[in-house]
Each structure stands twice: as C-alpha cells, then as structure tokens.
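Here's the structure, in structure tokens; my notes come after.
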Amino acid sequence: MKTSIILHARHNEFSPKQMMEIVALGEKYGGYFRHVVTGIQIYNITKEDKECIIHELPEGIVQVKHRGVNNLLACVGKGNCKNGLMETRKLEAYIDAHHYGKGTAHKCKIGISGCGRNCADVMVKDIGFYGTVNGFVMSLGGTTGHRPQAGQIIARNLSVEQAKKAIDIVIDWYISNAEPKERIAKVLARLGNPLENVDL
Ligand code: SF4
C-alpha cells in the first residue's frame, strides 16, 4: 500500500530552490506530484520513503499535519488585485508564524480573502476572514466534507491588528475547549462565540 505526504511552505510560497529540491526528492523516491488545497502532495511513495522524505525536506518546508492548523490560504489581496479591500499578506504571515502547524483536535483550515468575492473560499473554512471597506469580517465553523455548511460571522470591521488578536483568542479557545476529534463548528455550537464581549 503506497502513501503520500503533503508539503507546506512558509507563506504558501515555494522558492525555485525549494521546488527543485522537492522535485529531486520526488524523483529519488519514485513519487508523483499533485497540487492540493493544503499544499504540494508527493504520492506513490512507501511509508518508509515518506519517513526519509520528512528527514530530507528543504529548509522552510514542513509536512502538513492532519489534526492541526493545516491549511492556510490567502488570496493576493489589496495592492495586488483591483478588487481588494484589505491586505491579506500581513495577516497570513502572522498566522503562519504564530499558529501554522499547531496541534488541534481536528483539522483547522484558515482562509483569508481581500474582498467578498472570496477567492480563498473562506466561508467553508474553519476560520475565515474577508475584506470589506470597513475591515475584515471573521467567520467560524465553515466546513466541506459530508455535511458542508457555511461559517457563522463572529466579528466585523476588524483591522489587521484586531484580526491578529482575534485569531490568537480563537485558536487558544479551540485548543483548550475541543473534545477529541471535535471540529470548530461543533465547539462553536456547544459554547457560542468566543469573541462575544471581547474588546479587541
Ligand atoms: S478575493 Fe477579492 S481581493 Fe482576493 S483575489 Fe479575489 S477578487 Fe481579488
């Protein structure tokens, strides 16, 4: 039985050097490549080869965990897209540096869009932000899978700095309160909005 590994690069940006090293690793272990929502997947490898690849990953490349903050996707945002209302890269970089890879009870996907066109599909992410003329709207509890549902809006009009504080609170809340294998949507239904009465 073959297996696979998914790779994440800091800020979702793979340098040419990293790409060449990843391709060399795939060739070395007979892997093929797919672009998936969480990163770059090398598949058609054995479990033993996967362990070797983990130890030989290029600098700045990490394995995507199943249970953890494992998906961070931002569109290019204001300054790089004519429709952008909020910059996305500062918030993405902050989340990547402070929260990406943290262990959580279930998968925790995060999306950031610079406007309501939502190219990063934020309403079906566990945690989502999209830009408006007044700042970021933040949603919680979106899912795809067997029971797809849109996230609930838990905060509006957030600056980038307020969005950083909000995500710190929400990730800590999820880690502290989730039952084993419990997704954020269920914790939200059980405990309510973690930002209620919080002055950001
Ligand atoms: S979500 Fe908006 S800002 Fe981001 S890429 Fe799409 S249209 Fe542009």
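Labels for the structure tokens follow display order: chains A, B, ..., residues from 1 in each chain, ligands from 1.
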Margin query: Please identify all protein, DNA and RNA residues within 12 Å of ligand 1, counting only C-alpha atoms and all ligand atoms, and report them as a PyMOL selection string.
Written below: chain A and resi 73-89+111-123+128-133+136
Based on the selection just made, write N, CA and C atoms of those residues as a CSV table (one decimal), in the first residue's frame.
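The resulting result_25.csv:
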```csv
chain,number,residue,atom,x,y,z
A,73,LEU,N,-4.7,29.6,3.5
A,73,LEU,CA,-4.8,30.0,2.2
A,73,LEU,C,-5.3,31.5,2.1
A,74,ALA,N,-4.5,32.3,1.5
A,74,ALA,CA,-4.9,33.7,1.3
A,74,ALA,C,-4.8,34.1,-0.1
A,75,CYS,N,-5.8,34.9,-0.6
A,75,CYS,CA,-5.7,35.5,-1.9
A,75,CYS,C,-4.6,36.6,-1.9
A,76,VAL,N,-4.3,37.2,-3.1
A,76,VAL,CA,-3.3,38.2,-3.1
A,76,VAL,C,-3.7,39.5,-2.4
A,77,GLY,N,-5.0,39.8,-2.4
A,77,GLY,CA,-5.4,40.9,-1.6
A,77,GLY,C,-5.2,42.3,-2.2
A,78,LYS,N,-5.6,43.3,-1.3
A,78,LYS,CA,-5.4,44.7,-1.7
A,78,LYS,C,-3.9,45.0,-2.1
A,79,GLY,N,-3.8,45.8,-3.2
A,79,GLY,CA,-2.4,46.1,-3.6
A,79,GLY,C,-2.0,45.2,-4.7
A,80,ASN,N,-2.6,44.0,-4.8
A,80,ASN,CA,-2.2,43.0,-5.9
A,80,ASN,C,-3.4,42.6,-6.7
A,81,CYS,N,-4.6,43.0,-6.3
A,81,CYS,CA,-5.8,42.7,-7.0
A,81,CYS,C,-6.7,44.0,-7.1
A,82,LYS,N,-7.2,44.3,-8.2
A,82,LYS,CA,-8.0,45.5,-8.3
A,82,LYS,C,-9.2,45.5,-7.4
A,83,ASN,N,-9.7,44.4,-7.1
A,83,ASN,CA,-10.9,44.3,-6.2
A,83,ASN,C,-10.6,44.3,-4.7
A,84,GLY,N,-9.4,44.2,-4.4
A,84,GLY,CA,-9.0,44.0,-3.0
A,84,GLY,C,-9.4,45.2,-2.1
A,85,LEU,N,-10.0,44.9,-0.9
A,85,LEU,CA,-10.4,46.0,0.0
A,85,LEU,C,-9.5,45.9,1.3
A,86,MET,N,-8.9,44.8,1.5
A,86,MET,CA,-8.0,44.6,2.7
A,86,MET,C,-6.7,43.9,2.2
A,87,GLU,N,-5.6,44.3,2.8
A,87,GLU,CA,-4.4,43.5,2.5
A,87,GLU,C,-4.5,42.1,3.2
A,88,THR,N,-4.0,41.1,2.6
A,88,THR,CA,-4.1,39.8,3.2
A,88,THR,C,-2.8,39.2,3.7
A,89,ARG,N,-1.7,39.7,3.1
A,89,ARG,CA,-0.4,39.0,3.4
A,89,ARG,C,0.1,39.2,4.8
A,111,GLY,N,-8.8,30.6,5.9
A,111,GLY,CA,-8.8,31.3,4.7
A,111,GLY,C,-8.9,32.8,4.9
A,112,ILE,N,-8.2,33.5,4.0
A,112,ILE,CA,-8.2,35.0,4.0
A,112,ILE,C,-8.5,35.5,2.6
A,113,SER,N,-9.5,36.3,2.5
A,113,SER,CA,-9.8,36.9,1.2
A,113,SER,C,-9.8,38.4,1.3
A,114,GLY,N,-9.3,39.1,0.3
A,114,GLY,CA,-9.2,40.6,0.4
A,114,GLY,C,-10.5,41.3,0.1
A,115,CYS,N,-11.5,40.5,-0.4
A,115,CYS,CA,-12.8,41.1,-0.6
A,115,CYS,C,-13.9,40.0,-0.6
A,116,GLY,N,-15.1,40.4,-0.7
A,116,GLY,CA,-16.2,39.5,-0.6
A,116,GLY,C,-16.4,38.5,-1.7
A,117,ARG,N,-15.6,38.7,-2.8
A,117,ARG,CA,-15.6,37.7,-3.9
A,117,ARG,C,-15.1,36.3,-3.4
A,118,ASN,N,-14.3,36.4,-2.3
A,118,ASN,CA,-13.9,35.2,-1.6
A,118,ASN,C,-13.2,34.1,-2.4
A,119,CYS,N,-12.2,34.6,-3.1
A,119,CYS,CA,-11.4,33.6,-3.9
A,119,CYS,C,-10.8,32.5,-3.0
A,120,ALA,N,-10.6,32.8,-1.8
A,120,ALA,CA,-10.0,31.8,-0.9
A,120,ALA,C,-11.0,31.0,-0.2
A,121,ASP,N,-12.3,31.0,-0.6
A,121,ASP,CA,-13.4,30.1,-0.1
A,121,ASP,C,-13.5,30.2,1.4
A,122,VAL,N,-13.4,31.4,2.0
A,122,VAL,CA,-13.3,31.5,3.4
A,122,VAL,C,-14.5,31.0,4.2
A,123,MET,N,-15.7,31.1,3.6
A,123,MET,CA,-16.9,30.7,4.3
A,123,MET,C,-17.0,29.2,4.5
A,128,GLY,N,-12.3,32.0,8.9
A,128,GLY,CA,-12.2,32.7,7.7
A,128,GLY,C,-12.2,34.2,7.9
A,129,PHE,N,-11.6,35.0,7.0
A,129,PHE,CA,-11.6,36.4,7.0
A,129,PHE,C,-11.8,36.9,5.6
A,130,TYR,N,-12.7,37.9,5.4
A,130,TYR,CA,-12.8,38.5,4.1
A,130,TYR,C,-12.9,40.0,4.3
A,131,GLY,N,-12.3,40.8,3.4
A,131,GLY,CA,-12.2,42.2,3.5
A,131,GLY,C,-13.4,42.9,3.0
A,132,THR,N,-13.7,44.0,3.7
A,132,THR,CA,-14.8,44.9,3.3
A,132,THR,C,-14.2,46.4,3.4
A,133,VAL,N,-15.0,47.4,3.0
A,133,VAL,CA,-14.5,48.7,3.1
A,133,VAL,C,-14.2,49.1,4.5
A,136,PHE,N,-11.9,43.6,8.1
A,136,PHE,CA,-12.2,42.2,7.9
A,136,PHE,C,-13.5,41.8,8.6
```
Could you name the residues that touch range 11-27 of chain A at 10 Å or less, counting only C-alpha atoms, but leaving out those on the same chain fewer than 5 positions away, as a short mmCIF file (atom, residue, chain, number, x, y, z; two decimals) with C-alpha atoms, in the first residue's frame?
```cif
data_model
loop_
_atom_site.label_atom_id
_atom_site.label_comp_id
_atom_site.auth_asym_id
_atom_site.auth_seq_id
_atom_site.Cartn_x
_atom_site.Cartn_y
_atom_site.Cartn_z
CA TYR A 32 4.42 11.87 -8.41
CA PHE A 33 3.10 15.35 -7.66
CA THR A 38 -3.22 22.25 1.58
CA GLY A 39 -0.01 22.38 -0.46
CA ILE A 40 2.06 20.16 -2.77
CA GLN A 41 1.47 16.42 -2.46
CA ILE A 42 4.03 13.75 -3.28
CA TYR A 43 2.18 10.46 -3.75
CA ASN A 44 3.04 6.91 -4.87
CA ILE A 45 5.64 6.58 -2.13
CA ASP A 49 10.22 6.53 1.88
CA CYS A 52 13.09 9.52 4.60
CA ILE A 53 11.48 12.45 2.78
CA GLU A 56 15.32 15.39 3.86
CA LEU A 57 12.86 18.25 3.38
CA PRO A 58 14.32 21.56 2.16
CA GLU A 59 14.67 24.38 4.66
CA GLY A 60 11.37 26.19 5.21
CA ILE A 61 9.25 23.24 4.06
CA ASN A 71 -4.43 24.77 5.75
CA LEU A 72 -3.70 28.47 5.41
CA LEU A 73 -4.77 30.03 2.15
CA ALA A 74 -4.88 33.73 1.34
CA ARG A 89 -0.41 39.04 3.35
CA LYS A 90 0.35 40.61 6.76
CA GLU A 92 -1.36 35.44 6.57
CA ALA A 93 2.29 35.89 7.58
CA TYR A 94 1.28 36.41 11.21
CA ILE A 95 -0.87 33.27 11.29
CA ASP A 96 1.81 31.27 9.51
CA ALA A 97 4.45 32.34 12.02
CA TYR A 100 0.50 27.16 11.44
#
```
Checklist line | Picked from chain A by DSSP as strand (DSSP E or B), as a ChimeraX atom specification | finding: /A:3-9,32-36,39-45,61-63,69-74,78,81,108-113,127-132,135-140,143,149,152-158
Note to self: As an exercise, work out the distance from CA of Thr104 in chain A to CA of Gly68 in chain A in Å and give it to one decimal place.
What the structure shows: 4.4 Å
Item checked: For Thr143 in chain A: contacts at 8 Å, only C-alpha atoms, fewer than 4 positions along chain excluded, given as a ChimeraX atom specification -> /A:124-126,147-151,185
Written selection (C-alpha atoms) as a short mmCIF file (atom, residue, chain, number, x, y, z; two decimals), in the first residue's frame:
```cif
data_model
loop_
_atom_site.label_atom_id
_atom_site.label_comp_id
_atom_site.auth_asym_id
_atom_site.auth_seq_id
_atom_site.Cartn_x
_atom_site.Cartn_y
_atom_site.Cartn_z
CA VAL A 124 -16.19 26.98 4.16
CA LYS A 125 -13.04 27.22 6.26
CA ASP A 126 -12.94 26.57 9.99
CA ARG A 147 -22.03 17.90 5.90
CA PRO A 148 -20.98 21.12 4.19
CA GLN A 149 -22.00 24.34 5.88
CA ALA A 150 -21.07 27.99 5.79
CA GLY A 151 -19.31 29.52 8.75
CA ALA A 185 -18.18 24.17 14.10
#
```
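Taking CA of Met138 in chain A and CA of Ala155 in chain A as endpoints, the distance between them is 5.1 Å.
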Checklist line | Residue set, range 15-109 of chain A restricted to helix (DSSP H, G or I), as a PyMOL selection string | finding: chain A and resi 16-28+47-55+89-98
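Distance annotation: of A:His8, A:Lys47, A:His146, A:Lys28, the residue with the minimal separation from Val62 in chain A is A:His8; atom set is only C-alpha atoms.
Each of A:Pro180, A:Tyr174, A:Asn134, A:Ile110 was checked against Pro194 in chain A using only C-alpha atoms; the smallest atom-to-atom distance is that of A:Tyr174.
With only C-alpha atoms taken into account, the protein and nucleic acid residues at most 10 Å from Lys164 in chain A (excluding it and anything under 3 positions from it in its own chain) are Lys90, Leu91, Glu92, Tyr94, Ile95, His98, Leu158, Ser159, Val160, Glu161, Ile167, Asp168, Ile169 and Leu200 of chain A.
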Would you output that residue set with N, CA and C atoms, as a compact mmCIF listing (two decimals), in the first residue's frame?
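Wrote selection-v3.txt, looks like this:
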```
# COMPACT_ATOMS: atom_id res chain seq x y z
N LYS A 90 -0.15 40.40 5.39
CA LYS A 90 0.35 40.61 6.76
C LYS A 90 -0.34 39.65 7.72
N LEU A 91 -1.64 39.50 7.56
CA LEU A 91 -2.37 38.59 8.43
C LEU A 91 -1.96 37.14 8.17
N GLU A 92 -1.79 36.80 6.91
CA GLU A 92 -1.36 35.44 6.57
C GLU A 92 0.01 35.13 7.18
N TYR A 94 1.40 36.51 9.75
CA TYR A 94 1.28 36.41 11.21
C TYR A 94 0.76 35.03 11.61
N ILE A 95 -0.29 34.58 10.94
CA ILE A 95 -0.87 33.27 11.29
C ILE A 95 0.13 32.16 10.99
N HIS A 98 2.75 32.22 13.78
CA HIS A 98 2.32 32.00 15.17
C HIS A 98 1.43 30.78 15.37
N LEU A 158 -12.83 44.46 11.45
CA LEU A 158 -11.56 44.27 12.14
C LEU A 158 -10.41 44.84 11.32
N SER A 159 -9.52 45.58 11.99
CA SER A 159 -8.26 45.96 11.35
C SER A 159 -7.36 44.71 11.33
N VAL A 160 -6.24 44.81 10.63
CA VAL A 160 -5.31 43.67 10.61
C VAL A 160 -4.86 43.34 12.03
N GLU A 161 -4.56 44.36 12.84
CA GLU A 161 -4.10 44.11 14.22
C GLU A 161 -5.19 43.47 15.06
N ILE A 167 -7.60 35.99 16.08
CA ILE A 167 -7.20 34.61 15.76
C ILE A 167 -6.42 34.00 16.92
N ASP A 168 -5.64 34.79 17.64
CA ASP A 168 -4.95 34.27 18.84
C ASP A 168 -5.98 33.71 19.82
N ILE A 169 -7.03 34.49 20.06
CA ILE A 169 -8.06 34.08 21.02
C ILE A 169 -8.78 32.82 20.53
N LEU A 200 -11.53 43.91 21.27
CA LEU A 200 -10.29 43.69 20.51
C LEU A 200 -9.55 45.01 20.32
```
Residues within 12 Å of Glu48 in chain A, only C-alpha atoms, excluding chain neighbours under 2 positions, as a PDB file with C-alpha atoms, in the first residue's frame:
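Below is the file selection_21.pdb, written as the result:
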```pdb
ATOM      1  CA  MET A   1       0.000   0.000   0.000  1.00  0.00           C
ATOM      2  CA  LYS A   2       1.507   3.304  -1.118  1.00  0.00           C
ATOM      3  CA  THR A   3       1.096   6.542   0.791  1.00  0.00           C
ATOM      4  CA  SER A   4       1.690  10.253   0.299  1.00  0.00           C
ATOM      5  CA  ILE A   5       2.942  13.392   2.014  1.00  0.00           C
ATOM      6  CA  TYR A  29      11.675   8.061  -4.109  1.00  0.00           C
ATOM      7  CA  ASN A  44       3.037   6.909  -4.874  1.00  0.00           C
ATOM      8  CA  ILE A  45       5.645   6.581  -2.126  1.00  0.00           C
ATOM      9  CA  THR A  46       6.072   3.893   0.536  1.00  0.00           C
ATOM     10  CA  LYS A  50       7.865   9.025   3.485  1.00  0.00           C
ATOM     11  CA  GLU A  51       9.943   8.931   6.673  1.00  0.00           C
ATOM     12  CA  CYS A  52      13.094   9.522   4.603  1.00  0.00           C
ATOM     13  CA  ILE A  53      11.480  12.452   2.784  1.00  0.00           C
ATOM     14  CA  ILE A  54      10.458  14.032   6.106  1.00  0.00           C
ATOM     15  CA  HIS A  55      14.096  13.989   7.178  1.00  0.00           C
TER      16      HIS A  55
END
```
